[in-house]
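**Q** So here's model-v3.tsv (TSV, C-alpha atoms and all ligand atoms).
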```
chain	number	residue	atom	x	y	z
A	253	MET	CA	22.47	-3.61	14.98
A	254	LEU	CA	23.38	-3.45	11.30
A	255	SER	CA	26.81	-2.01	10.50
A	256	ILE	CA	27.72	-0.96	7.00
A	257	ASN	CA	31.36	-0.01	6.66
A	258	LYS	CA	32.99	1.47	3.54
A	259	LEU	CA	30.76	-0.41	1.16
A	260	SER	CA	31.54	0.02	-2.55
A	261	LYS	CA	30.09	-1.47	-5.71
A	262	THR	CA	30.96	-0.91	-9.34
A	263	PHE	CA	29.15	-2.19	-12.44
A	264	ARG	CA	31.27	-2.20	-15.58
A	265	LYS	CA	33.48	0.67	-14.48
A	266	LYS	CA	30.49	2.62	-13.22
A	267	GLN	CA	30.82	3.26	-9.51
A	268	VAL	CA	27.34	2.94	-8.05
A	269	LEU	CA	28.14	2.82	-4.33
A	270	ASP	CA	31.19	4.70	-3.12
A	271	SER	CA	32.47	3.83	0.35
A	272	ILE	CA	29.17	3.94	2.18
A	273	THR	CA	29.18	3.82	5.95
A	274	PHE	CA	26.27	3.92	8.38
A	275	THR	CA	24.64	1.91	11.16
A	276	VAL	CA	21.07	1.00	11.96
A	277	ASN	CA	19.80	0.29	15.46
A	278	PRO	CA	16.82	-1.85	16.51
A	279	GLY	CA	13.63	0.21	16.37
A	280	GLU	CA	14.99	2.56	13.71
A	281	ILE	CA	13.40	3.31	10.36
A	282	ILE	CA	15.90	4.45	7.74
A	283	GLY	CA	14.84	6.16	4.54
A	284	LEU	CA	17.04	5.79	1.49
A	285	VAL	CA	16.40	8.39	-1.19
A	286	GLY	CA	18.01	9.35	-4.48
A	287	GLU	CA	17.29	9.77	-8.18
A	288	ASN	CA	16.58	6.77	-10.43
A	289	GLY	CA	19.82	4.88	-10.91
A	290	ALA	CA	21.36	6.28	-7.72
A	291	GLY	CA	22.00	2.80	-6.34
A	292	LYS	CA	19.15	2.28	-3.86
A	293	SER	CA	18.15	-1.15	-5.14
A	294	THR	CA	21.80	-2.17	-5.45
A	295	MET	CA	22.27	-1.25	-1.81
A	296	LEU	CA	19.20	-3.24	-0.69
A	297	HIS	CA	20.25	-6.26	-2.77
A	298	ILE	CA	23.63	-6.28	-1.06
A	299	LEU	CA	22.04	-5.94	2.37
A	300	ALA	CA	19.68	-8.80	1.47
A	301	THR	CA	22.74	-10.99	0.63
A	302	LEU	CA	21.57	-11.29	-2.99
A	303	SER	CA	24.57	-9.45	-4.36
A	304	LYS	CA	28.11	-8.92	-3.12
A	305	PRO	CA	29.92	-5.63	-2.64
A	306	ASP	CA	33.36	-5.14	-4.25
A	307	SER	CA	34.73	-3.99	-0.91
A	308	GLY	CA	33.61	-3.04	2.56
A	309	THR	CA	32.31	-4.98	5.54
A	310	LEU	CA	28.80	-5.73	6.69
A	311	THR	CA	27.69	-7.11	10.02
A	312	LEU	CA	24.25	-7.85	11.40
A	313	GLN	CA	24.04	-8.47	15.14
A	314	LYS	CA	27.77	-9.09	15.17
A	315	MET	CA	27.50	-11.75	12.45
A	316	SER	CA	29.65	-11.17	9.40
A	317	TYR	CA	28.02	-11.21	5.96
A	318	ASP	CA	31.07	-13.04	4.65
A	319	LYS	CA	31.12	-15.78	7.25
A	320	ASP	CA	27.56	-16.20	8.49
A	321	LYS	CA	25.41	-15.71	5.41
A	322	LYS	CA	23.12	-18.59	6.31
A	323	HIS	CA	22.28	-17.21	9.74
A	324	ILE	CA	22.02	-13.68	8.45
A	325	ARG	CA	19.44	-14.66	5.86
A	326	LYS	CA	17.13	-15.90	8.60
A	327	GLN	CA	17.16	-12.41	10.10
A	328	ILE	CA	16.24	-10.62	6.89
A	329	GLY	CA	12.90	-9.85	5.29
A	330	PHE	CA	13.15	-8.42	1.77
A	331	VAL	CA	10.38	-6.96	-0.36
A	332	PRO	CA	11.74	-6.38	-3.87
A	333	GLN	CA	10.59	-3.64	-6.21
A	334	ASP	CA	8.77	-6.11	-8.44
A	335	ILE	CA	6.02	-8.01	-6.72
A	336	ALA	CA	6.52	-11.77	-6.79
A	337	LEU	CA	3.29	-13.58	-5.94
A	338	TRP	CA	1.27	-16.51	-7.21
A	339	ASP	CA	-1.47	-14.68	-9.09
A	340	GLU	CA	-3.88	-17.58	-9.54
A	341	PHE	CA	-3.78	-18.56	-5.87
A	342	THR	CA	-5.59	-16.96	-2.95
A	343	VAL	CA	-4.00	-14.85	-0.24
A	344	LYS	CA	-4.23	-17.83	2.09
A	345	GLU	CA	-2.57	-20.19	-0.41
A	346	ASN	CA	0.24	-17.71	-1.01
A	347	MET	CA	0.84	-17.34	2.73
A	348	LEU	CA	0.85	-21.12	3.23
A	349	PHE	CA	3.23	-21.61	0.31
A	350	PHE	CA	5.75	-19.08	1.57
A	351	GLU	CA	5.41	-20.34	5.14
A	352	ARG	CA	6.62	-23.72	3.93
A	353	LEU	CA	9.67	-22.11	2.35
A	354	SER	CA	10.46	-20.16	5.51
A	355	TRP	CA	12.56	-21.29	8.45
A	356	THR	CA	9.86	-21.02	11.05
A	357	HIS	CA	6.54	-22.65	11.58
A	358	LYS	CA	3.41	-20.56	11.68
A	359	ASN	CA	-0.09	-22.02	11.72
A	360	GLU	CA	-2.95	-20.75	9.58
A	361	ASP	CA	-4.36	-18.49	12.30
A	362	GLU	CA	-1.00	-16.81	12.81
A	363	LEU	CA	-0.59	-16.28	9.08
A	364	GLN	CA	-4.06	-14.81	8.81
A	365	GLN	CA	-3.32	-12.53	11.74
A	366	LEU	CA	-0.22	-11.22	9.97
A	367	CYS	CA	-2.43	-10.17	7.07
A	368	PHE	CA	-5.12	-8.69	9.30
A	369	ASN	CA	-2.51	-6.65	11.14
A	370	MET	CA	-1.93	-4.63	8.02
A	371	LYS	CA	-5.60	-4.52	7.08
A	372	LEU	CA	-5.39	-7.15	4.38
A	373	ASP	CA	-8.65	-9.03	4.78
A	374	LYS	CA	-9.12	-10.81	1.44
A	375	TRP	CA	-7.97	-14.14	2.82
A	376	ASN	CA	-9.83	-16.34	0.34
A	377	GLN	CA	-9.55	-14.17	-2.75
A	378	PRO	CA	-7.21	-14.94	-5.65
A	379	VAL	CA	-4.28	-12.54	-5.78
A	380	LYS	CA	-5.13	-11.51	-9.35
A	381	THR	CA	-8.32	-9.85	-8.08
A	382	LEU	CA	-6.49	-7.69	-5.51
A	383	SER	CA	-5.58	-4.02	-5.89
A	384	GLY	CA	-1.93	-2.97	-6.12
A	385	GLY	CA	-2.07	-1.82	-2.51
A	386	MET	CA	-3.40	-5.17	-1.31
A	387	LYS	CA	-0.70	-7.02	-3.25
A	388	ARG	CA	1.95	-4.85	-1.62
A	389	LYS	CA	0.54	-5.68	1.78
A	390	LEU	CA	0.62	-9.38	0.96
A	391	ASN	CA	4.24	-9.05	-0.13
A	392	LEU	CA	5.03	-7.37	3.14
A	393	ALA	CA	3.15	-10.00	5.15
A	394	ILE	CA	5.13	-12.75	3.38
A	395	SER	CA	8.42	-11.03	4.20
A	396	LEU	CA	7.45	-11.08	7.89
A	397	ILE	CA	6.53	-14.75	8.19
A	398	HIS	CA	9.90	-15.74	9.67
A	399	ASP	CA	9.94	-12.74	12.01
A	400	PRO	CA	13.08	-11.05	10.65
A	401	SER	CA	14.91	-8.40	12.63
A	402	LEU	CA	15.93	-6.45	9.52
A	403	LEU	CA	13.29	-5.47	6.99
A	404	LEU	CA	14.40	-4.22	3.56
A	405	LEU	CA	11.72	-2.64	1.41
A	406	ASP	CA	12.28	-1.39	-2.12
A	407	GLU	CA	9.67	1.28	-2.91
A	408	PRO	CA	6.91	-0.53	-1.00
A	409	THR	CA	4.39	2.23	-1.51
A	410	VAL	CA	4.97	3.22	-5.13
A	411	GLY	CA	1.87	3.33	-7.30
A	412	ILE	CA	-0.65	2.39	-4.64
A	413	ASP	CA	-3.63	4.24	-3.20
A	414	LEU	CA	-3.26	6.73	-0.36
A	415	LYS	CA	-5.20	4.62	2.14
A	416	SER	CA	-2.97	1.58	1.63
A	417	ARG	CA	0.09	3.82	1.78
A	418	LYS	CA	-0.99	5.22	5.12
A	419	GLU	CA	-1.82	1.77	6.45
A	420	ILE	CA	1.54	0.37	5.38
A	421	GLY	CA	3.31	3.36	6.95
A	422	ALA	CA	1.47	2.92	10.24
A	423	TYR	CA	2.25	-0.78	10.21
A	424	LEU	CA	5.97	-0.22	9.60
A	425	SER	CA	6.11	2.31	12.43
A	426	GLU	CA	4.51	-0.17	14.74
A	427	GLN	CA	6.90	-2.93	13.68
A	428	ALA	CA	9.89	-0.72	14.44
A	429	LYS	CA	8.68	0.85	17.66
A	430	ARG	CA	6.93	-2.09	19.26
A	431	ASN	CA	8.87	-5.05	17.88
A	432	ASP	CA	12.27	-3.38	17.68
A	433	LYS	CA	12.76	-4.16	14.02
A	434	MET	CA	15.28	-2.35	11.86
A	435	ILE	CA	13.68	-1.08	8.69
A	436	ILE	CA	15.39	0.33	5.62
A	437	TYR	CA	13.16	1.48	2.85
A	438	THR	CA	13.30	3.49	-0.33
A	439	SER	CA	10.68	5.89	-1.59
A	440	HIS	CA	10.23	8.93	-3.78
A	441	ASP	CA	7.44	10.23	-1.58
A	442	MET	CA	9.12	12.90	0.53
A	443	ASP	CA	6.10	13.46	2.81
A	444	GLU	CA	6.09	9.80	3.67
A	445	ILE	CA	9.86	9.73	4.18
A	446	GLU	CA	9.70	12.78	6.48
A	447	ASN	CA	6.85	11.37	8.53
A	448	LEU	CA	8.10	7.84	8.90
A	449	CYS	CA	11.89	7.86	9.08
A	450	ASP	CA	14.18	8.42	12.03
A	451	THR	CA	17.12	9.02	9.72
A	452	ILE	CA	17.18	9.88	6.02
A	453	TYR	CA	20.17	9.03	3.83
A	454	CYS	CA	20.62	10.46	0.36
A	455	ILE	CA	22.62	8.53	-2.21
A	456	GLY	CA	23.65	9.34	-5.77
A	457	LYS	CA	25.16	12.37	-7.42
A	458	ASP	CA	22.05	14.50	-7.75
A	459	PRO	CA	21.57	16.85	-4.75
A	460	PHE	CA	17.86	17.32	-5.54
A	461	TYR	CA	16.42	15.18	-2.74
A	462	PHE	CA	18.93	16.44	-0.24
A	463	ASP	CA	18.01	20.05	-1.00
A	464	VAL	CA	14.27	19.41	-0.88
A	465	LEU	CA	14.51	17.64	2.47
A	466	LYS	CA	16.82	20.27	3.92
A	467	LYS	CA	14.50	23.09	2.86
A	468	ALA	CA	11.59	21.31	4.50
A	469	GLY	CA	13.48	21.43	7.81
A	470	ASN	CA	14.84	17.88	7.90
A	471	ASN	CA	18.34	16.76	8.60
A	472	PRO	CA	19.22	14.39	5.73
A	473	ILE	CA	22.66	12.80	5.56
A	474	LEU	CA	24.60	12.53	2.31
A	475	LEU	CA	26.19	9.13	1.76
B	501	LIG	N1	23.22	-6.19	-12.40
B	501	LIG	C1	23.61	-5.01	-12.91
B	501	LIG	N2	24.49	-4.95	-13.94
B	501	LIG	C2	24.89	-3.77	-14.44
B	501	LIG	N3	24.48	-2.56	-14.00
B	501	LIG	C3	23.61	-2.56	-12.98
B	501	LIG	C4	23.12	-3.77	-12.37
B	501	LIG	N4	22.26	-3.45	-11.38
B	501	LIG	C5	22.21	-2.10	-11.35
B	501	LIG	N5	23.00	-1.56	-12.31
B	501	LIG	C6	23.23	-0.13	-12.56
B	501	LIG	O1	23.54	0.48	-11.32
B	501	LIG	C7	22.94	1.75	-11.21
B	501	LIG	C8	22.08	1.79	-9.95
B	501	LIG	O2	20.92	1.02	-10.15
B	501	LIG	P1	19.84	0.80	-9.00
B	501	LIG	O3	20.53	0.33	-7.78
B	501	LIG	O4	18.77	-0.07	-9.56
B	501	LIG	O5	19.31	2.29	-8.77
B	501	LIG	P2	17.98	2.82	-8.04
B	501	LIG	O6	17.34	1.67	-7.35
B	501	LIG	O7	18.45	3.90	-7.13
B	501	LIG	O8	17.11	3.37	-9.13
B	501	LIG	C9	22.17	1.97	-12.50
B	501	LIG	O9	22.99	2.73	-13.36
B	501	LIG	C10	21.98	0.58	-13.03
B	501	LIG	O10	21.88	0.59	-14.41
B	502	MG	MG	15.49	0.84	-7.52
```
Represent the structure of the file as C-alpha cells.
Ligand SMILES: Nc1ncnc2c1ncn2[C@@H]1O[C@H](COP(=O)(O)OP(=O)(O)O)[C@@H](O)[C@H]1O
Ligand SMILES: [Mg+2]
**A**
Amino acid sequence: MLSINKLSKTFRKKQVLDSITFTVNPGEIIGLVGENGAGKSTMLHILATLSKPDSGTLTLQKMSYDKDKKHIRKQIGFVPQDIALWDEFTVKENMLFFERLSWTHKNEDELQQLCFNMKLDKWNQPVKTLSGGMKRKLNLAISLIHDPSLLLLDEPTVGIDLKSRKEIGAYLSEQAKRNDKMIIYTSHDMDEIENLCDTIYCIGKDPFYFDVLKKAGNNPILL
C-alpha cells in the first residue's frame, strides 16, 4: 500500500500541493487529473523520490520515504512526461542497456516478452524509426524491467494513436488486476480516465475536470 499523508509543496511562494492525503492499494489504478500547472508532475516526481515535499509523510509498503529511499526506489517504476530513450539504438539494445542499470536480472527472452506483452514487436528496429506510440510502449516496458509494485506514469498516452492508447490501457489494467500493481497516472483524456481508473483524484484550483467527470456520472475526489 502507498500512503500519502498531508503532503505539501511550494515553489517560490507558490503553493502547488496543499496537504494532500490519499492511499493506494495493490491492484488499484488511480487517475490524477487537473489543468496544466495543477501539480500532477510535481506529485509524481515526489512519489518517484526525485523531489522532496516540504512537509507530509509518505510510506510504501510500510517503508518510510525518509528512511528507506533506497529500498523504495526498487519498488518504483516511473515513466516521465518526456521520453528518454537511446534514439540510435534498437529496441533490443535499449532494453539490454536499461536492464543493466536495473536491480534485477532479466535475460533477453524475458525482455523481449515484456515488449511483446504490450504489442511492441519492433525488437531489432532503431528507436528513431518508431512511432510515438511505440516509443511510449518501450518507455513503459523499460519501467517494468525490475518488476516494480508502484507504477507512476506521467501522461503516458498523450499524442499517440488510438490503437496504441487502447493497447497501453489494456496492458495497464492487466498489470493492476493480475499482478497486483499500484498504478498512478495522469491524463487529459477523460474517456480513458473513466474507463481505466478505480479512483479519480482532481488536483489544482480549476474545477473544470471535476465538473466534467461528475456530470458524466463518475465520483471524482477533490484533493
Ligand atoms: N522545479 C520547479 N521550480 C519552480 N516551479 C516549478 C518547478 N516544477 C514545477 N513548478 C511549478 O509548479 C506548478 C505545477 O507544475 P507541474 O507539477 O508540472 O504541473 P502539471 O504537471 O499538473 O502540469 C507550475 O506552476 C510549475 O511552473
Ligand atoms: Mg505535467
**Q** Do a neighbour search on A:Ser439 at 9 Å with only C-alpha atoms, toss out local chain neighbours closer than 2 positions, and write the hits as an MDAnalysis selection string.
**A** chainID A and resid 283:286 406:410 437 441:442 444:445
**Q** Kindly export the residues of the current selection with C-alpha atoms, as a PDB file, in the coordinates of the input.
**A**
```pdb
ATOM      1  CA  GLY A 283      14.840   6.160   4.540  1.00  0.00           C
ATOM      2  CA  LEU A 284      17.040   5.790   1.490  1.00  0.00           C
ATOM      3  CA  VAL A 285      16.400   8.390  -1.190  1.00  0.00           C
ATOM      4  CA  GLY A 286      18.010   9.350  -4.480  1.00  0.00           C
ATOM      5  CA  ASP A 406      12.280  -1.390  -2.120  1.00  0.00           C
ATOM      6  CA  GLU A 407       9.670   1.280  -2.910  1.00  0.00           C
ATOM      7  CA  PRO A 408       6.910  -0.530  -1.000  1.00  0.00           C
ATOM      8  CA  THR A 409       4.390   2.230  -1.510  1.00  0.00           C
ATOM      9  CA  VAL A 410       4.970   3.220  -5.130  1.00  0.00           C
ATOM     10  CA  TYR A 437      13.160   1.480   2.850  1.00  0.00           C
ATOM     11  CA  ASP A 441       7.440  10.230  -1.580  1.00  0.00           C
ATOM     12  CA  MET A 442       9.120  12.900   0.530  1.00  0.00           C
ATOM     13  CA  GLU A 444       6.090   9.800   3.670  1.00  0.00           C
ATOM     14  CA  ILE A 445       9.860   9.730   4.180  1.00  0.00           C
TER      15      ILE A 445
END
```
**Q** Would you name the residues within 12 Å of ligand LIG 501 (chain B), counting all atoms listed in the file, and put them as an NGL selection string?
**A** :A and (260-270 or 284-298 or 302-305 or 332-334 or 405-407 or 437-440 or 454-458)
**Q** Work out how far atom CA of A:Asn470 is from atom CA of A:Thr451, in Å to one decimal.
**A** 9.3 Å
**Q** Box in all listed atoms of stretch 420-431 of chain A, axis-aligned, with 8 Å more on each side; write out centre and edge lengths in Å to one decimal as JSON.
**A**
```
{"center_x": 5.7, "center_y": -0.8, "center_z": 12.3, "size_x": 24.4, "size_y": 24.4, "size_z": 29.9}
```
**Q** Pick out the residues sitting within 10 Å of A:Asn346, and hand them over as a list in words; count all atoms listed in the file, and ignore anything fewer than 6 positions along from it in its own chain.
**A**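 Returned residues: Leu337, Trp338, Asp339, Glu340, Trp375, Pro378, Val379, Leu390, Asn391 and Ile394 of chain A.
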**Q** Any idea what the distance is between atom CA of A:Thr275 and atom CA of A:Met434?
**A** 10.3 Å
**Q** Of the candidates A:Asn369, A:Ser401, A:Asn447, A:Ser307, which shows the shortest atom-to-atom distance to A:Val276, using all atoms listed in the file?
**A**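 Among the listed residues, A:Ser401 lies closest to A:Val276.
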**Q** Could you check how far atom CA of A:Asn257 sits from atom CA of A:Asp306, in Å to one decimal?
**A** 12.2 Å
**Q** Rank nothing, just name the residue among A:Phe462, A:Lys467, A:Leu474, A:Leu392 nearest to A:Ser271, using only C-alpha atoms.
**A**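 Going through A:Phe462, A:Lys467, A:Leu474, A:Leu392 one by one, the smallest distance to A:Ser271 is for A:Leu474.
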**Q** Pick out the closest residue to ligand MG 502 (chain B) from this set: A:Leu402, A:Val343, A:Ala393, A:Val331. Count only C-alpha atoms and all ligand atoms.
**A**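 Counting only C-alpha atoms and all ligand atoms, the residue closest to ligand MG 502 (chain B) is A:Val331.
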**Q** Taking all atoms listed in the file into account, name the residue in A:Ala300, A:Cys449, A:Leu259, A:Ile412 that is nearest to A:Ile282.
**A**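 Ranked by minimum distance to A:Ile282, first place goes to A:Cys449.
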**Q** If you count only C-alpha atoms, which residues fall within 10 Å of A:Asp318, apart from same-chain ones fewer than 3 positions away, as a count of residues only?
**A** 9
**Q** Please provide the set of residues having any atom within 6 Å of A:Ile281, restricted to all atoms listed in the file, with same-chain residues fewer than 2 positions apart removed, written as a list of chain:residue names.
**A** A:Ile435, A:Ile436, A:Cys449, A:Asp450
**Q** Go ahead and save the picked residues with C-alpha atoms, as a short mmCIF file (atom, residue, chain, number, x, y, z; two decimals), in the frame of the given file.
**A**
```cif
data_model
loop_
_atom_site.label_atom_id
_atom_site.label_comp_id
_atom_site.auth_asym_id
_atom_site.auth_seq_id
_atom_site.Cartn_x
_atom_site.Cartn_y
_atom_site.Cartn_z
CA ILE A 435 13.68 -1.08 8.69
CA ILE A 436 15.39 0.33 5.62
CA CYS A 449 11.89 7.86 9.08
CA ASP A 450 14.18 8.42 12.03
#
```
**Q** Pick from A:Asn431, A:Ser416, A:Gln327, A:Thr342: nearest to A:Ser383, with all atoms listed in the file counted?
**A**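 Comparing A:Asn431, A:Ser416, A:Gln327, A:Thr342 against A:Ser383, the winner is A:Ser416.
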**Q** Can you tell me, as a PyMOL selection string, what residues are no more than 12 Å from A:Leu396 when counting all atoms listed in the file, ignoring any on the same chain fewer than 6 positions away?
**A** chain A and resi 326-331+347+350-351+354-356+358+362-363+365-367+369-370+389-390+402-405+423-424+427+431+433+435
**Q** Store the residues picked out above in a file with C-alpha atoms, as an mmCIF file, keeping the file's coordinate frame.
**A**
```cif
data_model
loop_
_atom_site.group_PDB
_atom_site.id
_atom_site.type_symbol
_atom_site.label_atom_id
_atom_site.label_comp_id
_atom_site.auth_asym_id
_atom_site.auth_seq_id
_atom_site.Cartn_x
_atom_site.Cartn_y
_atom_site.Cartn_z
ATOM 1 C CA LYS A 326 17.130 -15.900 8.600
ATOM 2 C CA GLN A 327 17.160 -12.410 10.100
ATOM 3 C CA ILE A 328 16.240 -10.620 6.890
ATOM 4 C CA GLY A 329 12.900 -9.850 5.290
ATOM 5 C CA PHE A 330 13.150 -8.420 1.770
ATOM 6 C CA VAL A 331 10.380 -6.960 -0.360
ATOM 7 C CA MET A 347 0.840 -17.340 2.730
ATOM 8 C CA PHE A 350 5.750 -19.080 1.570
ATOM 9 C CA GLU A 351 5.410 -20.340 5.140
ATOM 10 C CA SER A 354 10.460 -20.160 5.510
ATOM 11 C CA TRP A 355 12.560 -21.290 8.450
ATOM 12 C CA THR A 356 9.860 -21.020 11.050
ATOM 13 C CA LYS A 358 3.410 -20.560 11.680
ATOM 14 C CA GLU A 362 -1.000 -16.810 12.810
ATOM 15 C CA LEU A 363 -0.590 -16.280 9.080
ATOM 16 C CA GLN A 365 -3.320 -12.530 11.740
ATOM 17 C CA LEU A 366 -0.220 -11.220 9.970
ATOM 18 C CA CYS A 367 -2.430 -10.170 7.070
ATOM 19 C CA ASN A 369 -2.510 -6.650 11.140
ATOM 20 C CA MET A 370 -1.930 -4.630 8.020
ATOM 21 C CA LYS A 389 0.540 -5.680 1.780
ATOM 22 C CA LEU A 390 0.620 -9.380 0.960
ATOM 23 C CA LEU A 402 15.930 -6.450 9.520
ATOM 24 C CA LEU A 403 13.290 -5.470 6.990
ATOM 25 C CA LEU A 404 14.400 -4.220 3.560
ATOM 26 C CA LEU A 405 11.720 -2.640 1.410
ATOM 27 C CA TYR A 423 2.250 -0.780 10.210
ATOM 28 C CA LEU A 424 5.970 -0.220 9.600
ATOM 29 C CA GLN A 427 6.900 -2.930 13.680
ATOM 30 C CA ASN A 431 8.870 -5.050 17.880
ATOM 31 C CA LYS A 433 12.760 -4.160 14.020
ATOM 32 C CA ILE A 435 13.680 -1.080 8.690
#
```
**Q** So, counting all atoms listed in the file, which residue among A:Lys429, A:Asn471, A:Ile335, A:Phe460 is closest to A:Glu280?
**A**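 Ranking A:Lys429, A:Asn471, A:Ile335, A:Phe460 by distance to A:Glu280, first place goes to A:Lys429.
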